[in-house]
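Student: Below you'll find my_file18.txt; it's compact mmCIF, C-alpha atoms.
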# COMPACT_ATOMS: atom_id res chain seq x y z
CA MET A 31 29.54 90.30 53.77
CA LYS A 32 28.73 87.65 56.32
CA ILE A 33 31.10 87.32 59.28
CA ILE A 34 31.67 83.81 60.53
CA LYS A 35 32.87 83.45 64.09
CA ILE A 36 35.18 80.59 64.88
CA SER A 37 35.00 79.20 68.38
CA LYS A 38 38.13 78.68 70.48
CA GLU A 39 37.60 74.90 70.17
CA GLU A 40 37.68 75.16 66.35
CA LYS A 41 40.85 77.28 66.43
CA GLU A 42 42.56 74.98 68.93
CA PRO A 43 40.86 71.60 68.60
CA PHE A 44 43.23 69.86 71.02
CA ALA A 45 43.56 72.60 73.63
CA ASN A 46 42.02 72.18 77.06
CA THR A 47 40.97 68.56 76.59
CA SER A 48 42.23 65.86 78.88
CA ASN A 49 42.33 63.31 76.06
CA SER A 50 43.91 65.51 73.37
CA THR A 51 46.60 62.98 72.46
CA ASP A 52 44.13 60.08 72.30
CA GLU A 53 41.76 62.18 70.21
CA PHE A 54 44.55 63.18 67.83
CA LEU A 55 45.79 59.60 67.44
CA GLY A 56 42.23 58.35 66.95
CA ASN A 57 41.69 60.88 64.17
CA MET A 58 44.99 59.92 62.54
CA ARG A 59 44.07 56.22 62.77
CA LYS A 60 40.73 56.96 61.05
CA MET A 61 42.50 58.94 58.33
CA ARG A 62 45.00 56.17 57.62
CA GLY A 63 42.42 53.41 57.76
CA GLU A 64 43.48 49.77 57.96
CA GLY A 65 46.20 50.10 55.32
CA LEU A 66 48.87 48.01 57.00
CA LYS A 67 46.41 45.35 58.21
CA GLU A 68 45.35 44.90 54.60
CA ARG A 69 49.00 44.05 53.85
CA GLY A 70 49.11 41.38 56.60
CA TYR A 71 50.38 43.51 59.49
CA HIS A 72 49.03 43.10 63.01
CA TYR A 73 48.45 46.88 63.38
CA GLY A 74 46.79 49.19 60.88
CA SER A 75 49.13 52.13 61.57
CA PRO A 76 51.59 53.53 64.13
CA GLU A 77 48.67 55.31 65.75
CA ASP A 78 46.76 52.04 66.05
CA PHE A 79 49.81 50.51 67.77
CA LEU A 80 50.08 53.41 70.24
CA LEU A 81 46.37 53.47 71.04
CA GLN A 82 46.55 49.76 71.88
CA HIS A 83 49.85 49.72 73.81
CA GLY A 84 50.68 53.28 74.78
CA LYS A 85 50.38 54.59 78.29
CA HIS A 86 50.00 58.12 79.62
CA TYR A 87 52.93 58.92 81.87
CA GLN A 88 52.13 60.64 85.15
CA SER A 89 54.08 63.45 86.75
CA GLN A 90 56.22 62.11 89.63
CA LYS A 91 59.10 63.67 91.52
CA LEU A 92 62.46 61.94 91.35
CA THR A 93 63.85 60.54 94.59
CA LYS A 94 67.21 61.82 95.92
CA GLU A 95 68.84 58.59 94.74
CA GLU A 96 67.40 58.99 91.24
CA GLU A 97 68.55 62.63 91.09
CA SER A 98 72.05 61.64 92.18
CA TYR A 99 72.27 58.84 89.60
CA LEU A 100 71.00 61.14 86.88
CA LYS A 101 73.50 63.91 87.71
CA THR A 102 76.38 61.45 87.50
CA LEU A 103 75.15 60.05 84.20
CA TYR A 104 74.28 63.47 82.75
CA ASN A 105 77.72 64.88 83.51
CA ARG A 106 79.20 62.10 81.36
CA THR A 107 76.70 62.37 78.47
CA LYS A 108 75.52 65.98 78.21
CA ALA A 109 75.61 66.29 74.42
CA TYR A 110 71.85 66.64 73.91
CA LYS A 111 70.72 68.17 70.66
CA MET A 112 67.57 70.19 70.09
CA LYS A 113 65.09 68.54 67.68
CA GLN A 114 66.90 65.19 67.88
CA CYS A 115 64.73 63.40 70.40
CA PHE A 116 65.28 59.91 68.95
CA TYR A 117 69.06 60.27 69.06
CA ASN A 118 69.07 61.86 72.53
CA ALA A 119 66.77 59.28 74.13
CA GLN A 120 68.27 56.26 72.38
CA SER A 121 71.84 57.22 73.27
CA LEU A 122 70.98 57.82 76.95
CA ALA A 123 69.19 54.47 77.19
CA GLN A 124 72.18 52.65 75.71
CA PHE A 125 74.66 54.50 77.91
CA SER A 126 72.82 53.76 81.16
CA ASN A 127 73.26 49.96 81.08
CA GLY A 128 69.54 49.24 81.37
CA LYS A 129 68.62 51.51 84.28
CA ILE A 130 67.15 54.22 82.05
CA LYS A 131 64.60 53.06 79.47
CA TYR A 132 63.76 54.37 76.00
CA ALA A 133 60.14 55.44 75.35
CA GLU A 134 58.58 56.49 72.07
CA GLY A 135 55.18 57.89 71.20
CA TYR A 136 53.63 61.35 71.19
CA LEU A 137 54.02 64.46 73.27
CA TYR A 138 51.29 67.07 73.59
CA SER A 139 52.73 70.32 74.92
CA GLY A 140 49.88 72.68 74.16
CA ILE A 141 49.58 73.02 70.38
CA ILE A 142 49.30 69.66 68.64
CA PRO A 143 50.69 66.23 69.58
CA ILE A 144 54.07 65.50 67.99
CA GLU A 145 55.91 62.24 67.43
CA HIS A 146 58.53 62.16 70.16
CA ALA A 147 60.99 60.05 72.15
CA TRP A 148 62.10 60.39 75.76
CA ASN A 149 63.50 58.27 78.57
CA THR A 150 62.11 56.87 81.78
CA LEU A 151 63.71 56.12 85.11
CA ASN A 152 61.55 53.85 87.26
CA GLY A 153 58.58 54.87 85.10
CA LYS A 154 59.24 58.63 85.49
CA VAL A 155 59.66 60.83 82.41
CA LEU A 156 63.12 62.16 81.57
CA ASP A 157 63.15 64.51 78.59
CA PHE A 158 66.25 66.57 77.87
CA THR A 159 65.25 67.42 74.30
CA MET A 160 62.24 69.56 75.28
CA SER A 161 64.16 71.75 77.75
CA HIS A 162 63.91 74.62 75.23
CA ALA A 163 60.12 74.60 75.73
CA ASN A 164 60.37 74.36 79.53
CA ASN A 165 62.38 77.46 80.52
CA ARG A 166 65.60 75.66 79.50
CA LYS A 167 65.01 72.98 82.14
CA PRO A 168 64.82 69.29 81.25
CA ILE A 169 61.72 67.40 82.28
CA LEU A 170 62.88 65.26 85.20
CA GLY A 171 59.88 63.37 86.52
CA VAL A 172 57.62 66.39 86.94
CA ILE A 173 55.71 66.95 83.70
CA PRO A 174 54.73 70.58 82.98
CA THR A 175 51.05 71.38 83.45
CA GLY A 176 49.06 70.73 80.28
CA TRP A 177 51.64 68.39 78.76
CA ASP A 178 50.89 64.74 77.97
CA TYR A 179 53.38 61.98 77.22
CA LEU A 180 51.76 58.92 75.63
CA GLY A 181 54.09 56.15 74.56
CA VAL A 182 55.61 52.72 74.88
CA GLU A 183 58.92 51.65 76.38
CA LEU A 184 60.97 49.79 73.78
CA SER A 185 63.87 47.42 74.25
CA THR A 186 67.37 48.87 74.42
CA ASP A 187 68.55 45.75 72.55
CA MET A 188 66.26 46.73 69.65
CA ILE A 189 67.77 50.23 69.62
CA ARG A 190 71.33 48.90 69.80
CA LYS A 191 70.72 46.49 66.90
CA TYR A 192 69.23 49.31 64.81
CA TRP A 193 72.27 51.51 65.47
CA VAL A 194 74.67 48.69 64.55
CA ASP A 195 72.73 47.84 61.36
CA HIS A 196 72.13 51.43 60.22
CA GLY A 197 74.71 53.60 61.95
CA GLN A 198 72.08 56.09 63.07
CA SER A 199 69.06 56.69 65.28
CA ASP A 200 65.49 56.80 64.03
CA ALA A 201 61.88 56.33 65.10
CA MET A 202 61.12 52.68 65.82
CA ILE A 203 57.31 52.76 65.80
CA GLY A 204 56.97 55.06 62.79
CA ASN A 205 59.87 53.49 60.84
CA TRP A 206 58.32 53.83 57.39
CA MET A 207 61.68 53.47 55.60
CA GLU A 208 61.82 49.80 56.62
CA GLU A 209 58.07 49.38 56.20
CA TYR A 210 57.18 49.49 59.92
CA PRO A 211 58.82 46.27 61.18
CA LEU A 212 57.52 46.78 64.73
CA LEU A 213 53.91 46.77 63.47
CA LYS A 214 54.08 43.43 61.65
CA LYS A 215 53.55 41.19 64.68
CA LYS A 216 51.71 41.50 67.99
CA PHE A 217 53.77 43.56 70.45
CA VAL A 218 54.55 41.99 73.81
What does the file become when written as structure tokens?
Tutor:
Amino acid sequence: MKIIKISKEEKEPFANTSNSTDEFLGNMRKMRGEGLKERGYHYGSPEDFLLQHGKHYQSQKLTKEEESYLKTLYNRTKAYKMKQCFYNAQSLAQFSNGKIKYAEGYLYSGIIPIEHAWNTLNGKVLDFTMSHANNRKPILGVIPTGWDYLGVELSTDMIRKYWVDHGQSDAMIGNWMEEYPLLKKKFV
């Protein structure tokens, strides 16, 4: 019997690489091909969209003013639900009257990148959904070591319209049920 050794990189292909999210999205884009472009869309896939428009968010401490604002807002809206990132982030963005933005993309937290949504305040990450993976503490500006948020801020008006039309939250970039409306035209 021949024993085959598997390297750590083969076991964990996205671990310990600074571009793990980009690499993952690039591989997904290759797998999907140009399917949507062949149907007249501007982007070939959600991954293509994110690789063109997504940004990597940097860890930044909140200012005292930002912390104070967030505490006031959080005390009025603390009904965050585990595994409901789209609902959590979309509702906070709508409740904040434009000060807190909605962002959607992928989060890499050490295993494999996952489709995810979070909020931003002055470009700083706010993520209440992932508190279960961060010692029960929400991510408030300071991103845990080894984590990567790659995404795009989307319009609160778009979210509000979707909620009115559908009565629910959902992914905007990966909205396959409506045949990816965000991917049909060039994003600005």
Student: Can you build me a table of stretch 94-147 of chain A residues sitting at most 12 Å from stretch 61-76 of chain A, with the closest atom pair per residue and its distance in Å to one decimal, using only C-alpha atoms, sorted by chain and residue number, as a tab-separated table?
Tutor:
residue	atom	partner	partner_atom	distance
A:Glu134	CA	A:Pro76	CA	11.0
A:Gly135	CA	A:Pro76	CA	9.0
A:Tyr136	CA	A:Pro76	CA	10.7
A:Glu145	CA	A:Pro76	CA	10.3
Student: Take the selection from the previous step and output its residues with C-alpha atoms, as a short mmCIF file (atom, residue, chain, number, x, y, z; two decimals), keeping the file's coordinate frame.
Tutor:
data_model
loop_
_atom_site.label_atom_id
_atom_site.label_comp_id
_atom_site.auth_asym_id
_atom_site.auth_seq_id
_atom_site.Cartn_x
_atom_site.Cartn_y
_atom_site.Cartn_z
CA GLU A 134 58.58 56.49 72.07
CA GLY A 135 55.18 57.89 71.20
CA TYR A 136 53.63 61.35 71.19
CA GLU A 145 55.91 62.24 67.43
#
Student: For A:Thr186, which residue out of A:Met202, A:Met112, A:Ile169, A:Met160 is the nearest one, using all atoms listed in the file?
Tutor: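 Among the listed residues, A:Met202 lies closest to A:Thr186.
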Student: Within 12 Å of (52.7, 60.1, 85.2) (file coordinates; all atoms listed in the file), which protein or nucleic acid residues are there? I'd like them as a list in words.
Tutor: Lys85, His86, Tyr87, Gln88, Ser89, Gln90, Lys91, Leu92, Thr150, Leu151, Asn152, Gly153, Lys154, Val155, Leu156, Ile169, Leu170, Gly171, Val172, Ile173, Pro174, Thr175, Trp177, Asp178, Tyr179, Leu180 and Gly181 of chain A
Student: Tell me, in Å to one decimal, how far atom CA of A:Val182 is from atom CA of A:His83.
Tutor: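 We find that atom CA of A:Val182 and atom CA of A:His83 lie 6.6 Å from each other.
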Student: Rounded to one decimal place, report the atom CA of A:Ala201-atom CA of A:Phe116 distance in Å.
Tutor: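 Interatomic distance, atom CA of A:Ala201 to atom CA of A:Phe116: 6.3 Å.
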Student: Pick out the residues sitting within 12 Å of A:His196, and hand them over as a PDB file with C-alpha atoms, in the coordinates of the input; count all atoms listed in the file, and ignore anything fewer than 5 positions along from it in its own chain.
Tutor:
ATOM      1  CA  ILE A 189      67.770  50.230  69.620  1.00  0.00           C
ATOM      2  CA  ARG A 190      71.330  48.900  69.800  1.00  0.00           C
ATOM      3  CA  LYS A 191      70.720  46.490  66.900  1.00  0.00           C
ATOM      4  CA  MET A 207      61.680  53.470  55.600  1.00  0.00           C
ATOM      5  CA  GLU A 208      61.820  49.800  56.620  1.00  0.00           C
TER       6      GLU A 208
END
